[in-house]
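Asker: Input: one structure, supplied below.
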Amino acid sequence: MSPFWQAWFQFWLVSMVLFALVVAGGALPATDAPLRIGMALTSMGPPADLTPAGRFMIGILGGVFLGWMVMFGLVMRQAIAMGRAGQPLWRAATIGMLAWYALDSALSVATGFGLNLVPNTLALGMFLVGIAGSKVLARDA
């Protein structure tokens with residue numbers, strides 16, 4: 001994989017890790033401002049009140065997302081090191097991203113938060129541009 005595409009995936013990963021930390025920050029009143037801003041932007045209304053149970057769930061979600069991104073980073077590093085033999089890892093990562101996108105986006109729309117499709121589509125789009133541009137899944141890669 002060329003240095004450009006390696007940097008592309010690194011930028012994508014750092015962006016996703018920062019997002020996970022913003023979400024996790026919503027668990028505490030002292031660190032919830034970035035999450036509140038994001039919630040206001042995706043709900044087209046005032047930020048939701050964060051109950052203790054809501055903060056608990058947001059904290060867990062941020063932690064799960066952070067763990068998912070750490071795993072993605074390690075898988076991508078290994079897939080890059082393996083070259084063509086790393087295609088199954090890239091395929092698994094791509095399937096995982098598509099599964100996340102489909103369920104997260106469908107539930108966002110179903111629960112009235114359709115604007116969440118914007119960051120979802122941006123995250124998936126950046127990932128897929130890297131997959132296509134780097135040709136890691138091309139048969140002749």
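Chain labels run A, B, ... following the order of the structure tokens; each chain numbers its residues from 1, and ligands are numbered from 1 in the order shown.
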Please provide the set of residues having any atom within 12 Å of A:Leu107, restricted to only C-alpha atoms, with same-chain residues fewer than 6 positions apart removed, written as an MDAnalysis selection string.

Answerer: chainID A and resid 100:101 113:117 120

Asker: Can you spit out the residues from that selection as a PDB file, in the first residue's frame, using C-alpha atoms?

Answerer:
ATOM      1  CA  TRP A 100     -22.426  -1.082  11.357  1.00  0.00           C
ATOM      2  CA  TYR A 101     -23.562   1.461   8.763  1.00  0.00           C
ATOM      3  CA  PHE A 113     -32.325  11.093  14.298  1.00  0.00           C
ATOM      4  CA  GLY A 114     -31.919  10.833  10.525  1.00  0.00           C
ATOM      5  CA  LEU A 115     -29.251  13.520  10.451  1.00  0.00           C
ATOM      6  CA  ASN A 116     -26.932  10.952  12.030  1.00  0.00           C
ATOM      7  CA  LEU A 117     -26.649   9.569   8.497  1.00  0.00           C
ATOM      8  CA  ASN A 120     -22.199   7.824   9.370  1.00  0.00           C
TER       9      ASN A 120
END

Asker: Write out as a PyMOL selection string the residues lying within 12 Å of A:Gly86, counting only C-alpha atoms and excluding same-chain residues fewer than 5 positions away.

Answerer: chain A and resi 1+75-81+91-93+135-138+141

Asker: Pull C-alpha atoms from the residues just selected and write them as a compact mmCIF listing (two decimals), in the first residue's frame.

Answerer:
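For reference, out_24.txt as written:
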# COMPACT_ATOMS: atom_id res chain seq x y z
CA MET A 1 0.00 0.00 0.00
CA VAL A 75 -6.06 -5.12 11.98
CA MET A 76 -5.18 -2.48 9.38
CA ARG A 77 -1.54 -2.41 10.51
CA GLN A 78 -1.36 -6.21 10.16
CA ALA A 79 -3.19 -6.18 6.81
CA ILE A 80 -0.77 -3.57 5.44
CA ALA A 81 2.22 -5.60 6.64
CA ARG A 91 -12.61 -7.80 3.58
CA ALA A 92 -13.60 -8.49 7.21
CA ALA A 93 -13.10 -4.84 8.14
CA LYS A 135 -6.93 -1.33 -4.26
CA VAL A 136 -6.43 -3.60 -1.24
CA LEU A 137 -9.39 -5.73 -2.33
CA ALA A 138 -8.54 -5.80 -6.04
CA ALA A 141 -3.51 -6.21 -5.97

Asker: As a PyMOL selection string, please: the residues near A:Val64 (cut-off 12 Å, only C-alpha atoms, same-chain neighbours under 3 positions excluded).

Answerer: chain A and resi 17+19-21+23-24+57-61+67-71

Asker: Would you put the residues from that selection into a file with all heavy atoms, as a compact mmCIF listing (two decimals), in the first residue's frame?

Answerer:
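Wrote part.txt, looks like this:
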# COMPACT_ATOMS: atom_id res chain seq x y z
N VAL A 17 -11.22 7.68 16.39
CA VAL A 17 -10.83 7.62 17.80
C VAL A 17 -11.25 8.90 18.51
O VAL A 17 -11.77 8.85 19.63
CB VAL A 17 -9.32 7.35 17.94
CG1 VAL A 17 -8.82 7.64 19.36
CG2 VAL A 17 -8.99 5.91 17.54
N PHE A 19 -13.72 10.83 17.73
CA PHE A 19 -15.16 10.76 17.87
C PHE A 19 -15.54 9.86 19.05
O PHE A 19 -16.43 10.19 19.84
CB PHE A 19 -15.83 10.28 16.58
CG PHE A 19 -17.32 10.16 16.70
CD1 PHE A 19 -18.10 11.29 16.73
CD2 PHE A 19 -17.91 8.92 16.82
CE1 PHE A 19 -19.49 11.19 16.86
CE2 PHE A 19 -19.30 8.81 16.96
CZ PHE A 19 -20.08 9.94 16.98
N ALA A 20 -14.88 8.72 19.17
CA ALA A 20 -15.16 7.81 20.29
C ALA A 20 -14.92 8.50 21.62
O ALA A 20 -15.69 8.34 22.57
CB ALA A 20 -14.31 6.55 20.17
N LEU A 21 -13.86 9.29 21.70
CA LEU A 21 -13.55 10.00 22.94
C LEU A 21 -14.58 11.08 23.23
O LEU A 21 -14.94 11.31 24.39
CB LEU A 21 -12.14 10.58 22.88
CG LEU A 21 -11.03 9.52 22.86
CD1 LEU A 21 -9.67 10.18 22.64
CD2 LEU A 21 -11.04 8.67 24.12
N VAL A 23 -17.76 10.90 22.36
CA VAL A 23 -18.92 10.16 22.85
C VAL A 23 -18.69 9.73 24.29
O VAL A 23 -19.56 9.95 25.15
CB VAL A 23 -19.23 8.95 21.94
CG1 VAL A 23 -20.31 8.07 22.56
CG2 VAL A 23 -19.66 9.42 20.55
N ALA A 24 -17.56 9.15 24.59
CA ALA A 24 -17.27 8.70 25.96
C ALA A 24 -17.29 9.89 26.92
O ALA A 24 -17.74 9.75 28.07
CB ALA A 24 -15.92 7.99 26.01
N MET A 57 -25.05 4.74 29.44
CA MET A 57 -25.10 4.12 28.11
C MET A 57 -24.15 4.83 27.14
O MET A 57 -23.47 4.17 26.33
CB MET A 57 -26.52 4.12 27.56
CG MET A 57 -27.47 3.21 28.32
SD MET A 57 -26.89 1.50 28.46
CE MET A 57 -26.84 1.02 26.75
N ILE A 58 -24.09 6.15 27.21
CA ILE A 58 -23.18 6.90 26.33
C ILE A 58 -21.73 6.55 26.65
O ILE A 58 -20.90 6.38 25.75
CB ILE A 58 -23.45 8.41 26.44
CG1 ILE A 58 -24.77 8.73 25.73
CG2 ILE A 58 -22.30 9.22 25.88
CD1 ILE A 58 -25.28 10.13 25.98
N GLY A 59 -21.41 6.44 27.93
CA GLY A 59 -20.05 6.05 28.32
C GLY A 59 -19.68 4.68 27.78
O GLY A 59 -18.58 4.47 27.26
N ILE A 60 -20.61 3.74 27.91
CA ILE A 60 -20.36 2.39 27.37
C ILE A 60 -20.20 2.44 25.86
O ILE A 60 -19.30 1.83 25.29
CB ILE A 60 -21.50 1.43 27.78
CG1 ILE A 60 -21.39 1.13 29.26
CG2 ILE A 60 -21.45 0.15 26.95
CD1 ILE A 60 -22.53 0.30 29.80
N LEU A 61 -21.08 3.19 25.19
CA LEU A 61 -21.00 3.30 23.73
C LEU A 61 -19.66 3.87 23.30
O LEU A 61 -19.02 3.36 22.36
CB LEU A 61 -22.14 4.17 23.20
CG LEU A 61 -22.16 4.43 21.70
CD1 LEU A 61 -22.31 3.13 20.92
CD2 LEU A 61 -23.29 5.39 21.36
N GLY A 67 -12.82 0.84 21.57
CA GLY A 67 -12.24 -0.49 21.42
C GLY A 67 -12.31 -1.00 19.99
O GLY A 67 -11.36 -1.62 19.49
N TRP A 68 -13.43 -0.72 19.33
CA TRP A 68 -13.60 -1.12 17.93
C TRP A 68 -12.54 -0.44 17.07
O TRP A 68 -11.94 -1.07 16.19
CB TRP A 68 -15.02 -0.75 17.49
CG TRP A 68 -15.45 -1.25 16.16
CD1 TRP A 68 -15.17 -2.46 15.59
CD2 TRP A 68 -16.27 -0.57 15.21
NE1 TRP A 68 -15.77 -2.57 14.36
CE2 TRP A 68 -16.45 -1.41 14.11
CE3 TRP A 68 -16.88 0.67 15.21
CZ2 TRP A 68 -17.20 -1.04 13.00
CZ3 TRP A 68 -17.63 1.04 14.12
CH2 TRP A 68 -17.78 0.19 13.03
N MET A 69 -12.27 0.83 17.33
CA MET A 69 -11.30 1.55 16.52
C MET A 69 -9.87 1.10 16.82
O MET A 69 -9.03 1.04 15.91
CB MET A 69 -11.44 3.06 16.72
CG MET A 69 -12.69 3.63 16.08
SD MET A 69 -12.76 3.31 14.29
CE MET A 69 -14.06 2.09 14.21
N VAL A 70 -9.57 0.78 18.07
CA VAL A 70 -8.25 0.23 18.38
C VAL A 70 -8.06 -1.08 17.63
O VAL A 70 -7.01 -1.33 17.02
CB VAL A 70 -8.07 0.04 19.90
CG1 VAL A 70 -6.83 -0.78 20.22
CG2 VAL A 70 -8.01 1.40 20.60
N MET A 71 -9.10 -1.93 17.64
CA MET A 71 -9.03 -3.19 16.90
C MET A 71 -8.83 -2.92 15.41
O MET A 71 -8.00 -3.55 14.75
CB MET A 71 -10.30 -4.01 17.14
CG MET A 71 -10.33 -5.36 16.44
SD MET A 71 -10.98 -5.38 14.75
CE MET A 71 -12.51 -4.51 14.89

Asker: Point out the residue among A:Ala33, A:Ala27, A:Ile95, A:Leu74 with the least atom-to-atom distance to A:Arg55, counting only C-alpha atoms.

Answerer: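 The closest residue to A:Arg55 is A:Ala27.
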
Asker: Which one of A:Gly112, A:Gly25, A:Pro3, A:Gly96 sits closest to A:Phe127 if you count only C-alpha atoms?

Answerer: A:Gly96

Asker: What's the separation between atom CA of A:Ser108 and atom CA of A:Ser15, in Å to one decimal place?

Answerer: 20.7 Å

Asker: Need the shell around A:Pro29: protein/DNA/RNA residues with any atom at most 12 Å away, counting only C-alpha atoms. Skip same-chain ones fewer than 6 positions apart. Format as a CSV table (one decimal) with N, CA and C atoms, in the first residue's frame?

Answerer:
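For reference, out_21.csv as written:
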chain,number,residue,atom,x,y,z
A,35,LEU,N,-20.1,16.5,23.0
A,35,LEU,CA,-21.2,15.5,22.7
A,35,LEU,C,-22.6,16.3,22.6
A,36,ARG,N,-22.8,17.2,23.5
A,36,ARG,CA,-24.0,18.0,23.5
A,36,ARG,C,-24.2,18.8,22.2
A,49,ASP,N,-31.5,16.0,27.4
A,49,ASP,CA,-31.1,15.9,28.8
A,49,ASP,C,-30.4,14.6,29.0
A,50,LEU,N,-29.3,14.6,29.6
A,50,LEU,CA,-28.6,13.4,29.8
A,50,LEU,C,-28.8,12.9,31.2
A,51,THR,N,-29.6,11.9,31.4
A,51,THR,CA,-30.0,11.3,32.6
A,51,THR,C,-28.8,10.4,33.1
A,52,PRO,N,-28.7,10.0,34.4
A,52,PRO,CA,-27.7,9.1,34.8
A,52,PRO,C,-27.6,7.8,33.9
A,54,GLY,N,-28.7,7.5,30.9
A,54,GLY,CA,-28.2,7.9,29.5
A,54,GLY,C,-26.7,8.1,29.5
A,55,ARG,N,-26.2,8.8,30.5
A,55,ARG,CA,-24.8,9.0,30.6
A,55,ARG,C,-24.0,7.6,30.7
A,56,PHE,N,-24.6,6.7,31.5
A,56,PHE,CA,-24.0,5.4,31.6
A,56,PHE,C,-23.9,4.7,30.2
A,58,ILE,N,-24.1,6.2,27.2
A,58,ILE,CA,-23.2,6.9,26.3
A,58,ILE,C,-21.7,6.5,26.6
A,59,GLY,N,-21.4,6.4,27.9
A,59,GLY,CA,-20.1,6.0,28.3
A,59,GLY,C,-19.7,4.7,27.8

Asker: From a DSSP pass on the backbone, collect the residues of chain A flagged as alpha helix (DSSP H) and hand them back as a ChimeraX atom specification.

Answerer: /A:3-25,33-43,52-82,87-110,117-134

Asker: With only C-alpha atoms as the atoms that count, which of A:Thr94, A:Ala85, A:Ala106, A:Met126 lies nearest to A:Trp5?

Answerer: A:Met126

Asker: Could you tell me how far atom CA of A:Asp32 sits from atom CA of A:Gly73, in Å to one decimal place?

Answerer: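 Going from atom CA of A:Gly73 over to atom CA of A:Asp32 covers 25.7 Å.
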
Asker: Identify, on the basis of only C-alpha atoms, every residue whose closest approach to A:Trp8 does not exceed 10 Å; exclude the query and any residue fewer than 3 positions from it along the same chain; express the result as an mmCIF file with N, CA, C and O atoms, in the first residue's frame.

Answerer:
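Saved to around14.cif:
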data_model
loop_
_atom_site.group_PDB
_atom_site.id
_atom_site.type_symbol
_atom_site.label_atom_id
_atom_site.label_comp_id
_atom_site.auth_asym_id
_atom_site.auth_seq_id
_atom_site.Cartn_x
_atom_site.Cartn_y
_atom_site.Cartn_z
ATOM 1 N N SER A 2 0.533 2.206 -0.809
ATOM 2 C CA SER A 2 1.349 3.412 -0.920
ATOM 3 C C SER A 2 1.284 4.228 0.370
ATOM 4 O O SER A 2 0.317 4.123 1.143
ATOM 5 N N PRO A 3 2.288 5.051 0.607
ATOM 6 C CA PRO A 3 2.279 5.913 1.794
ATOM 7 C C PRO A 3 1.044 6.834 1.852
ATOM 8 O O PRO A 3 0.539 7.115 2.942
ATOM 9 N N PHE A 4 0.566 7.270 0.687
ATOM 10 C CA PHE A 4 -0.622 8.131 0.680
ATOM 11 C C PHE A 4 -1.810 7.424 1.309
ATOM 12 O O PHE A 4 -2.507 7.964 2.154
ATOM 13 N N TRP A 5 -2.060 6.177 0.883
ATOM 14 C CA TRP A 5 -3.224 5.456 1.390
ATOM 15 C C TRP A 5 -3.033 5.030 2.833
ATOM 16 O O TRP A 5 -3.991 4.961 3.611
ATOM 17 N N PHE A 11 -5.459 8.878 9.062
ATOM 18 C CA PHE A 11 -6.315 10.041 9.313
ATOM 19 C C PHE A 11 -7.726 9.590 9.666
ATOM 20 O O PHE A 11 -8.335 10.098 10.613
ATOM 21 N N TRP A 12 -8.253 8.616 8.910
ATOM 22 C CA TRP A 12 -9.589 8.087 9.185
ATOM 23 C C TRP A 12 -9.637 7.518 10.602
ATOM 24 O O TRP A 12 -10.559 7.801 11.365
ATOM 25 N N LEU A 13 -8.637 6.739 10.962
ATOM 26 C CA LEU A 13 -8.612 6.106 12.271
ATOM 27 C C LEU A 13 -8.522 7.133 13.391
ATOM 28 O O LEU A 13 -9.255 7.042 14.384
ATOM 29 N N MET A 126 -15.262 7.708 3.798
ATOM 30 C CA MET A 126 -13.803 7.842 3.909
ATOM 31 C C MET A 126 -13.134 6.473 3.905
ATOM 32 O O MET A 126 -12.092 6.283 3.275
ATOM 33 N N PHE A 127 -13.742 5.535 4.616
ATOM 34 C CA PHE A 127 -13.179 4.187 4.661
ATOM 35 C C PHE A 127 -13.205 3.547 3.273
ATOM 36 O O PHE A 127 -12.202 3.002 2.804
ATOM 37 N N VAL A 129 -13.425 4.986 0.323
ATOM 38 C CA VAL A 129 -12.507 5.663 -0.610
ATOM 39 C C VAL A 129 -11.104 5.086 -0.430
ATOM 40 O O VAL A 129 -10.397 4.814 -1.410
ATOM 41 N N GLY A 130 -10.708 4.860 0.818
ATOM 42 C CA GLY A 130 -9.398 4.250 1.073
ATOM 43 C C GLY A 130 -9.309 2.838 0.523
ATOM 44 O O GLY A 130 -8.289 2.449 -0.064
ATOM 45 N N ILE A 131 -10.369 2.071 0.699
ATOM 46 C CA ILE A 131 -10.389 0.697 0.178
ATOM 47 C C ILE A 131 -10.267 0.709 -1.344
ATOM 48 O O ILE A 131 -9.458 -0.026 -1.930
ATOM 49 N N GLY A 133 -9.315 3.297 -3.379
ATOM 50 C CA GLY A 133 -8.103 3.959 -3.865
ATOM 51 C C GLY A 133 -6.847 3.132 -3.673
ATOM 52 O O GLY A 133 -5.959 3.117 -4.527
ATOM 53 N N SER A 134 -6.762 2.442 -2.558
ATOM 54 C CA SER A 134 -5.572 1.641 -2.285
ATOM 55 C C SER A 134 -5.586 0.303 -3.026
ATOM 56 O O SER A 134 -4.564 -0.365 -3.105
#
